[in-house]
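K.L.:
Please see the structure below; I have some questions.
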Amino acid sequence: MYSIPRKGFPLVIAHRGGAELAPENSWESFETCNDLGFNYVESDAHLTADGKVVLIHDPVLERVSNGFGAVATHTWEELQGVTVNGSKYGPVLLEDVLASFPNMRLNLDAKEEAVWKPMIDVIRRQGATDRVLLASFNSSRLERIRAYAPEIQTSIGQAEAARLFGAVHLGIDRFVSRSNWPLRGIVAAQVPLTAWRVPIVTKRFVYEAHRLGLAVHVWTLNEPGEIVRALEAGADGIISDNPVLAREIIKARGRL
């Protein structure tokens, strides 16, 4: 899915389906991204009580819909009575998005332990293993994902990101000297621009990631200044709730 490094045109990855363009992770958000030509879309996966993979960020329904309680305690049939805030529809199934938008490449965050295996099974049934990248903060979960589905690319988790940061900023190369990440299908470092006011994505960080075979995607950037800083560091992708803004800035800088 990702060339390393990208030549002159950083990716724009629509976070939560482009949450500033349409209700996050709603059917309208995926339609909007498709219509506007944003073919790289980030989303989040949870599992219903009857084993359906739903694209929703929170483990509970309250913030994003008129529903109540944990997603995991509802069947898919019960979720038909729930409406996503600002949308005409309820929560979205992964299988429906994969089937309806064949040109869309999904960056999927396995938000809970129970969802990753059913999620991979859906991806395989839809013949979409070559247009999905799987992510999680949980590095142990990612290891289980890689063992079960070596044919699907992944990003690094928090533990790997800490090792990479240590190699870059502390000069401890042994943290990553035997990583062989690309050989294991690990193709991207998806990291914040800063953490606790400490710069993460710098030119040196990007250089080291590229040396190790990783693309660098920076999240979640919604302010022009942040986007420019990531681009100046050499980021390969911008993850944003407002992909239109990110695309305009990239275009204005002559890199699209």
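The way I read the labels, and the way they are meant: chains A, B, ... in the order of the structure tokens, residue 1 as the first residue of every chain, and ligand 1 as the first ligand shown, with later ones counted on from there.
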From the DSSP assignment of the backbone, select every residue of stretch 15-205 of chain A that is strand (DSSP E), and format the answer as a ChimeraX atom specification.
P.N.:
/A:40-47,53-55,92-93,105-110,132-135,153-155,186-192,194-195,198-199
K.L.:
Can I get the selected residues back with N, CA and C atoms, as an mmCIF file, in the first residue's frame?
P.N.:
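Wrote out_18.cif, looks like this:
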```cif
data_model
loop_
_atom_site.group_PDB
_atom_site.id
_atom_site.type_symbol
_atom_site.label_atom_id
_atom_site.label_comp_id
_atom_site.auth_asym_id
_atom_site.auth_seq_id
_atom_site.Cartn_x
_atom_site.Cartn_y
_atom_site.Cartn_z
ATOM 1 N N TYR A 40 -7.611 6.914 0.677
ATOM 2 C CA TYR A 40 -7.004 6.355 1.886
ATOM 3 C C TYR A 40 -7.799 6.869 3.079
ATOM 4 N N VAL A 41 -8.424 5.955 3.781
ATOM 5 C CA VAL A 41 -9.356 6.331 4.850
ATOM 6 C C VAL A 41 -9.030 5.530 6.103
ATOM 7 N N GLU A 42 -8.920 6.237 7.220
ATOM 8 C CA GLU A 42 -8.695 5.589 8.509
ATOM 9 C C GLU A 42 -10.024 5.392 9.220
ATOM 10 N N SER A 43 -10.165 4.235 9.880
ATOM 11 C CA SER A 43 -11.377 3.973 10.650
ATOM 12 C C SER A 43 -11.038 3.047 11.808
ATOM 13 N N ASP A 44 -12.054 2.710 12.597
ATOM 14 C CA ASP A 44 -11.870 1.981 13.849
ATOM 15 C C ASP A 44 -12.871 0.842 13.927
ATOM 16 N N ALA A 45 -12.447 -0.278 14.499
ATOM 17 C CA ALA A 45 -13.303 -1.468 14.498
ATOM 18 C C ALA A 45 -13.610 -1.968 15.900
ATOM 19 N N HIS A 46 -14.895 -2.259 16.108
ATOM 20 C CA HIS A 46 -15.374 -2.948 17.308
ATOM 21 C C HIS A 46 -16.265 -4.109 16.880
ATOM 22 N N LEU A 47 -16.538 -4.997 17.825
ATOM 23 C CA LEU A 47 -17.308 -6.213 17.537
ATOM 24 C C LEU A 47 -18.630 -6.197 18.281
ATOM 25 N N VAL A 53 -18.473 -6.919 12.590
ATOM 26 C CA VAL A 53 -17.414 -5.923 12.722
ATOM 27 C C VAL A 53 -17.962 -4.562 12.315
ATOM 28 N N VAL A 54 -18.049 -3.663 13.304
ATOM 29 C CA VAL A 54 -18.646 -2.346 13.121
ATOM 30 C C VAL A 54 -17.536 -1.295 13.140
ATOM 31 N N LEU A 55 -17.661 -0.321 12.241
ATOM 32 C CA LEU A 55 -16.674 0.767 12.179
ATOM 33 C C LEU A 55 -17.138 1.919 13.059
ATOM 34 N N VAL A 92 -21.872 1.487 10.780
ATOM 35 C CA VAL A 92 -21.517 0.917 9.484
ATOM 36 C C VAL A 92 -20.744 -0.380 9.678
ATOM 37 N N LEU A 93 -21.037 -1.361 8.845
ATOM 38 C CA LEU A 93 -20.299 -2.620 8.859
ATOM 39 C C LEU A 93 -19.067 -2.527 7.968
ATOM 40 N N ARG A 105 -8.819 2.346 0.124
ATOM 41 C CA ARG A 105 -7.848 1.633 0.947
ATOM 42 C C ARG A 105 -8.065 2.044 2.405
ATOM 43 N N LEU A 106 -8.248 1.067 3.247
ATOM 44 C CA LEU A 106 -8.618 1.338 4.632
ATOM 45 C C LEU A 106 -7.449 1.120 5.585
ATOM 46 N N ASN A 107 -7.304 2.050 6.493
ATOM 47 C CA ASN A 107 -6.352 1.977 7.593
ATOM 48 C C ASN A 107 -7.195 1.677 8.836
ATOM 49 N N LEU A 108 -7.190 0.437 9.301
ATOM 50 C CA LEU A 108 -8.134 0.005 10.325
ATOM 51 C C LEU A 108 -7.449 -0.218 11.661
ATOM 52 N N ASP A 109 -7.985 0.421 12.681
ATOM 53 C CA ASP A 109 -7.480 0.288 14.044
ATOM 54 C C ASP A 109 -8.329 -0.734 14.787
ATOM 55 N N ALA A 110 -7.705 -1.831 15.173
ATOM 56 C CA ALA A 110 -8.395 -2.845 15.973
ATOM 57 C C ALA A 110 -8.474 -2.342 17.408
ATOM 58 N N VAL A 132 -5.785 -3.027 2.632
ATOM 59 C CA VAL A 132 -6.023 -2.724 4.046
ATOM 60 C C VAL A 132 -4.689 -2.706 4.775
ATOM 61 N N LEU A 133 -4.534 -1.751 5.672
ATOM 62 C CA LEU A 133 -3.433 -1.744 6.624
ATOM 63 C C LEU A 133 -4.046 -1.810 8.019
ATOM 64 N N LEU A 134 -3.523 -2.702 8.852
ATOM 65 C CA LEU A 134 -4.075 -2.882 10.193
ATOM 66 C C LEU A 134 -3.192 -2.210 11.235
ATOM 67 N N ALA A 135 -3.846 -1.558 12.179
ATOM 68 C CA ALA A 135 -3.133 -0.782 13.186
ATOM 69 C C ALA A 135 -3.713 -1.054 14.565
ATOM 70 N N GLN A 153 -0.657 -6.006 5.535
ATOM 71 C CA GLN A 153 0.328 -5.078 6.070
ATOM 72 C C GLN A 153 -0.159 -4.446 7.369
ATOM 73 N N THR A 154 0.811 -4.047 8.200
ATOM 74 C CA THR A 154 0.497 -3.417 9.477
ATOM 75 C C THR A 154 1.395 -2.198 9.688
ATOM 76 N N SER A 155 0.988 -1.381 10.662
ATOM 77 C CA SER A 155 1.846 -0.301 11.149
ATOM 78 C C SER A 155 2.493 -0.763 12.449
ATOM 79 N N ILE A 186 5.464 -5.039 8.112
ATOM 80 C CA ILE A 186 5.290 -3.790 8.859
ATOM 81 C C ILE A 186 5.819 -2.666 7.978
ATOM 82 N N VAL A 187 4.939 -1.776 7.544
ATOM 83 C CA VAL A 187 5.310 -0.836 6.487
ATOM 84 C C VAL A 187 5.198 0.631 6.895
ATOM 85 N N ALA A 188 4.619 0.932 8.050
ATOM 86 C CA ALA A 188 4.388 2.335 8.388
ATOM 87 C C ALA A 188 4.561 2.598 9.877
ATOM 88 N N ALA A 189 5.144 3.756 10.164
ATOM 89 C CA ALA A 189 5.143 4.299 11.518
ATOM 90 C C ALA A 189 4.088 5.394 11.540
ATOM 91 N N GLN A 190 3.002 5.136 12.224
ATOM 92 C CA GLN A 190 1.913 6.109 12.327
ATOM 93 C C GLN A 190 1.966 6.681 13.735
ATOM 94 N N VAL A 191 2.415 7.931 13.805
ATOM 95 C CA VAL A 191 2.797 8.523 15.089
ATOM 96 C C VAL A 191 2.308 9.964 15.175
ATOM 97 N N PRO A 192 2.207 10.497 16.405
ATOM 98 C CA PRO A 192 1.842 11.916 16.553
ATOM 99 C C PRO A 192 3.013 12.817 16.236
ATOM 100 N N THR A 194 3.906 15.373 18.056
ATOM 101 C CA THR A 194 4.565 15.545 19.352
ATOM 102 C C THR A 194 3.853 14.677 20.383
ATOM 103 N N ALA A 195 4.529 14.431 21.481
ATOM 104 C CA ALA A 195 3.925 13.738 22.620
ATOM 105 C C ALA A 195 4.461 14.362 23.885
ATOM 106 N N VAL A 198 7.052 16.902 23.473
ATOM 107 C CA VAL A 198 8.331 16.454 22.918
ATOM 108 C C VAL A 198 8.152 16.181 21.427
ATOM 109 N N PRO A 199 8.932 16.794 20.562
ATOM 110 C CA PRO A 199 8.805 16.516 19.126
ATOM 111 C C PRO A 199 9.097 15.047 18.818
#
```
K.L.:
Can you list, as a VMD selection string, every residue of stretch 22-240 of chain A that DSSP puts in helix (DSSP H, G or I)?
P.N.:
chain A and resid 27 to 36 71 to 73 76 to 79 94 to 100 113 to 125 129 to 131 139 to 148 158 to 169 173 to 175 182 to 184 203 to 211 224 to 233
K.L.:
Name the closest residue to A:Ala215 among the candidates A:Trp181, A:Trp116, A:Phe38, A:Trp196; distances are taken between atoms, counting only C-alpha atoms.
P.N.:
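Among A:Trp181, A:Trp116, A:Phe38, A:Trp196, it is A:Trp181 that comes nearest to A:Ala215.
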K.L.:
Write out as an MDAnalysis selection string each polymer residue whose atoms come within 8 Å of A:Gly157, counting only C-alpha atoms; drop sequence neighbours fewer than 5 positions from it.
P.N.:
chainID A and resid 135:139 142
K.L.:
Store the residues of this selection in a file with N, CA, C and O atoms, as an mmCIF file, in the first residue's frame.
P.N.:
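The resulting file, part-v5.cif, is reproduced below:
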```cif
data_model
loop_
_atom_site.group_PDB
_atom_site.id
_atom_site.type_symbol
_atom_site.label_atom_id
_atom_site.label_comp_id
_atom_site.auth_asym_id
_atom_site.auth_seq_id
_atom_site.Cartn_x
_atom_site.Cartn_y
_atom_site.Cartn_z
ATOM 1 N N ALA A 135 -3.846 -1.558 12.179
ATOM 2 C CA ALA A 135 -3.133 -0.782 13.186
ATOM 3 C C ALA A 135 -3.713 -1.054 14.565
ATOM 4 O O ALA A 135 -4.857 -1.504 14.712
ATOM 5 N N SER A 136 -2.912 -0.756 15.567
ATOM 6 C CA SER A 136 -3.360 -0.806 16.957
ATOM 7 C C SER A 136 -2.287 -0.143 17.804
ATOM 8 O O SER A 136 -1.100 -0.193 17.468
ATOM 9 N N PHE A 137 -2.689 0.492 18.903
ATOM 10 C CA PHE A 137 -1.699 0.968 19.858
ATOM 11 C C PHE A 137 -1.009 -0.215 20.546
ATOM 12 O O PHE A 137 0.127 -0.115 20.975
ATOM 13 N N ASN A 138 -1.712 -1.327 20.640
ATOM 14 C CA ASN A 138 -1.261 -2.482 21.392
ATOM 15 C C ASN A 138 -0.309 -3.329 20.542
ATOM 16 O O ASN A 138 -0.733 -4.020 19.618
ATOM 17 N N SER A 139 0.968 -3.303 20.861
ATOM 18 C CA SER A 139 1.961 -4.022 20.063
ATOM 19 C C SER A 139 1.791 -5.533 20.158
ATOM 20 O O SER A 139 2.026 -6.249 19.178
ATOM 21 N N LEU A 142 -0.859 -6.509 17.780
ATOM 22 C CA LEU A 142 -0.350 -6.486 16.413
ATOM 23 C C LEU A 142 0.475 -7.726 16.107
ATOM 24 O O LEU A 142 0.428 -8.240 14.979
#
```
K.L.:
With distances taken over only C-alpha atoms, which residue among A:Ala162, A:Val64, A:Val12, A:Val82 lies nearest A:Glu248?
P.N.:
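Going through A:Ala162, A:Val64, A:Val12, A:Val82 one by one, the smallest distance to A:Glu248 is for A:Val12.
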K.L.:
Can you work out the spacing between atom CA of A:Leu221 and atom CA of A:Arg146 in Å, to one decimal?
P.N.:
27.9 Å
K.L.:
Which of these residues is nearest to A:Ile239, using only C-alpha atoms: A:Val201, A:Ala14, A:Val176, A:Ile56?
P.N.:
A:Ala14
K.L.:
Restricting the calculation to only C-alpha atoms, which member of A:Arg163, A:His74, A:His57, A:Lys251 is positioned closest to A:Ser179?
P.N.:
A:Arg163
K.L.:
If you measure from atom CA of A:Ala161 to atom CA of A:Ala209, what distance in Å do you get, rounded to one decimal?
P.N.:
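That distance, rounded to one decimal, is 10.0 Å.
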K.L.:
Could you please determine the separation between atom CA of A:Asn25 and atom CA of A:Arg247 in Å, to one decimal place?
P.N.:
19.9 Å
K.L.:
Select, from A:Ala70, A:Ala233, A:His217, A:Asp241, the residue with the minimum atom-to-atom distance to A:Ser29, counting only C-alpha atoms.
P.N.:
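Closest residue, counting only C-alpha atoms: A:Asp241.
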K.L.:
Excluding same-chain residues fewer than 5 positions from A:Glu223, what lies within 12 Å of it counting only C-alpha atoms, as a list in words?
P.N.:
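Result of the neighbour search: Leu193, Val228, Arg229, Ala230, Ile238, Ile239, Ser240, Asp241, Asn242, Pro243, Val244, Leu245, Ala246 and Ile249 of chain A.
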K.L.:
For the selection you just gave me, I'd like the residues written to a file as a PDB file, in the first residue's frame, keeping N, CA, C and O atoms.
P.N.:
```pdb
ATOM      1  N   LEU A 193       2.715  14.061  15.925  1.00  0.00           N
ATOM      2  CA  LEU A 193       3.763  15.042  15.661  1.00  0.00           C
ATOM      3  C   LEU A 193       4.590  15.295  16.911  1.00  0.00           C
ATOM      4  O   LEU A 193       5.825  15.394  16.862  1.00  0.00           O
ATOM      5  N   VAL A 228       2.060  21.688   8.037  1.00  0.00           N
ATOM      6  CA  VAL A 228       3.287  22.197   7.425  1.00  0.00           C
ATOM      7  C   VAL A 228       4.514  21.635   8.135  1.00  0.00           C
ATOM      8  O   VAL A 228       5.498  21.232   7.492  1.00  0.00           O
ATOM      9  N   ARG A 229       4.487  21.582   9.455  1.00  0.00           N
ATOM     10  CA  ARG A 229       5.633  21.043  10.204  1.00  0.00           C
ATOM     11  C   ARG A 229       5.897  19.590   9.830  1.00  0.00           C
ATOM     12  O   ARG A 229       7.053  19.189   9.650  1.00  0.00           O
ATOM     13  N   ALA A 230       4.842  18.810   9.696  1.00  0.00           N
ATOM     14  CA  ALA A 230       5.017  17.405   9.320  1.00  0.00           C
ATOM     15  C   ALA A 230       5.577  17.278   7.909  1.00  0.00           C
ATOM     16  O   ALA A 230       6.462  16.452   7.648  1.00  0.00           O
ATOM     17  N   ILE A 238      -0.272  12.439   5.782  1.00  0.00           N
ATOM     18  CA  ILE A 238      -0.924  13.284   6.777  1.00  0.00           C
ATOM     19  C   ILE A 238      -2.275  12.662   7.100  1.00  0.00           C
ATOM     20  O   ILE A 238      -3.116  12.482   6.213  1.00  0.00           O
ATOM     21  N   ILE A 239      -2.476  12.336   8.360  1.00  0.00           N
ATOM     22  CA  ILE A 239      -3.754  11.785   8.824  1.00  0.00           C
ATOM     23  C   ILE A 239      -4.538  12.936   9.434  1.00  0.00           C
ATOM     24  O   ILE A 239      -4.097  13.557  10.400  1.00  0.00           O
ATOM     25  N   SER A 240      -5.723  13.226   8.863  1.00  0.00           N
ATOM     26  CA  SER A 240      -6.447  14.437   9.257  1.00  0.00           C
ATOM     27  C   SER A 240      -7.947  14.213   9.248  1.00  0.00           C
ATOM     28  O   SER A 240      -8.470  13.472   8.408  1.00  0.00           O
ATOM     29  N   ASP A 241      -8.622  14.890  10.187  1.00  0.00           N
ATOM     30  CA  ASP A 241     -10.085  14.926  10.155  1.00  0.00           C
ATOM     31  C   ASP A 241     -10.589  15.779   9.006  1.00  0.00           C
ATOM     32  O   ASP A 241     -11.754  15.674   8.621  1.00  0.00           O
ATOM     33  N   ASN A 242      -9.717  16.643   8.488  1.00  0.00           N
ATOM     34  CA  ASN A 242     -10.081  17.531   7.385  1.00  0.00           C
ATOM     35  C   ASN A 242      -9.144  17.273   6.204  1.00  0.00           C
ATOM     36  O   ASN A 242      -8.195  18.032   5.960  1.00  0.00           O
ATOM     37  N   PRO A 243      -9.376  16.205   5.469  1.00  0.00           N
ATOM     38  CA  PRO A 243      -8.476  15.880   4.367  1.00  0.00           C
ATOM     39  C   PRO A 243      -8.453  16.928   3.268  1.00  0.00           C
ATOM     40  O   PRO A 243      -7.456  17.050   2.560  1.00  0.00           O
ATOM     41  N   VAL A 244      -9.531  17.699   3.126  1.00  0.00           N
ATOM     42  CA  VAL A 244      -9.543  18.773   2.132  1.00  0.00           C
ATOM     43  C   VAL A 244      -8.471  19.801   2.468  1.00  0.00           C
ATOM     44  O   VAL A 244      -7.703  20.245   1.600  1.00  0.00           O
ATOM     45  N   LEU A 245      -8.393  20.201   3.739  1.00  0.00           N
ATOM     46  CA  LEU A 245      -7.376  21.151   4.169  1.00  0.00           C
ATOM     47  C   LEU A 245      -5.977  20.592   3.921  1.00  0.00           C
ATOM     48  O   LEU A 245      -5.100  21.295   3.391  1.00  0.00           O
ATOM     49  N   ALA A 246      -5.761  19.342   4.306  1.00  0.00           N
ATOM     50  CA  ALA A 246      -4.440  18.744   4.117  1.00  0.00           C
ATOM     51  C   ALA A 246      -4.060  18.721   2.637  1.00  0.00           C
ATOM     52  O   ALA A 246      -2.920  19.047   2.275  1.00  0.00           O
ATOM     53  N   ILE A 249      -3.076  22.240   1.397  1.00  0.00           N
ATOM     54  CA  ILE A 249      -1.753  22.677   1.842  1.00  0.00           C
ATOM     55  C   ILE A 249      -0.666  21.962   1.057  1.00  0.00           C
ATOM     56  O   ILE A 249       0.325  22.576   0.625  1.00  0.00           O
TER      57      ILE A 249
END
```
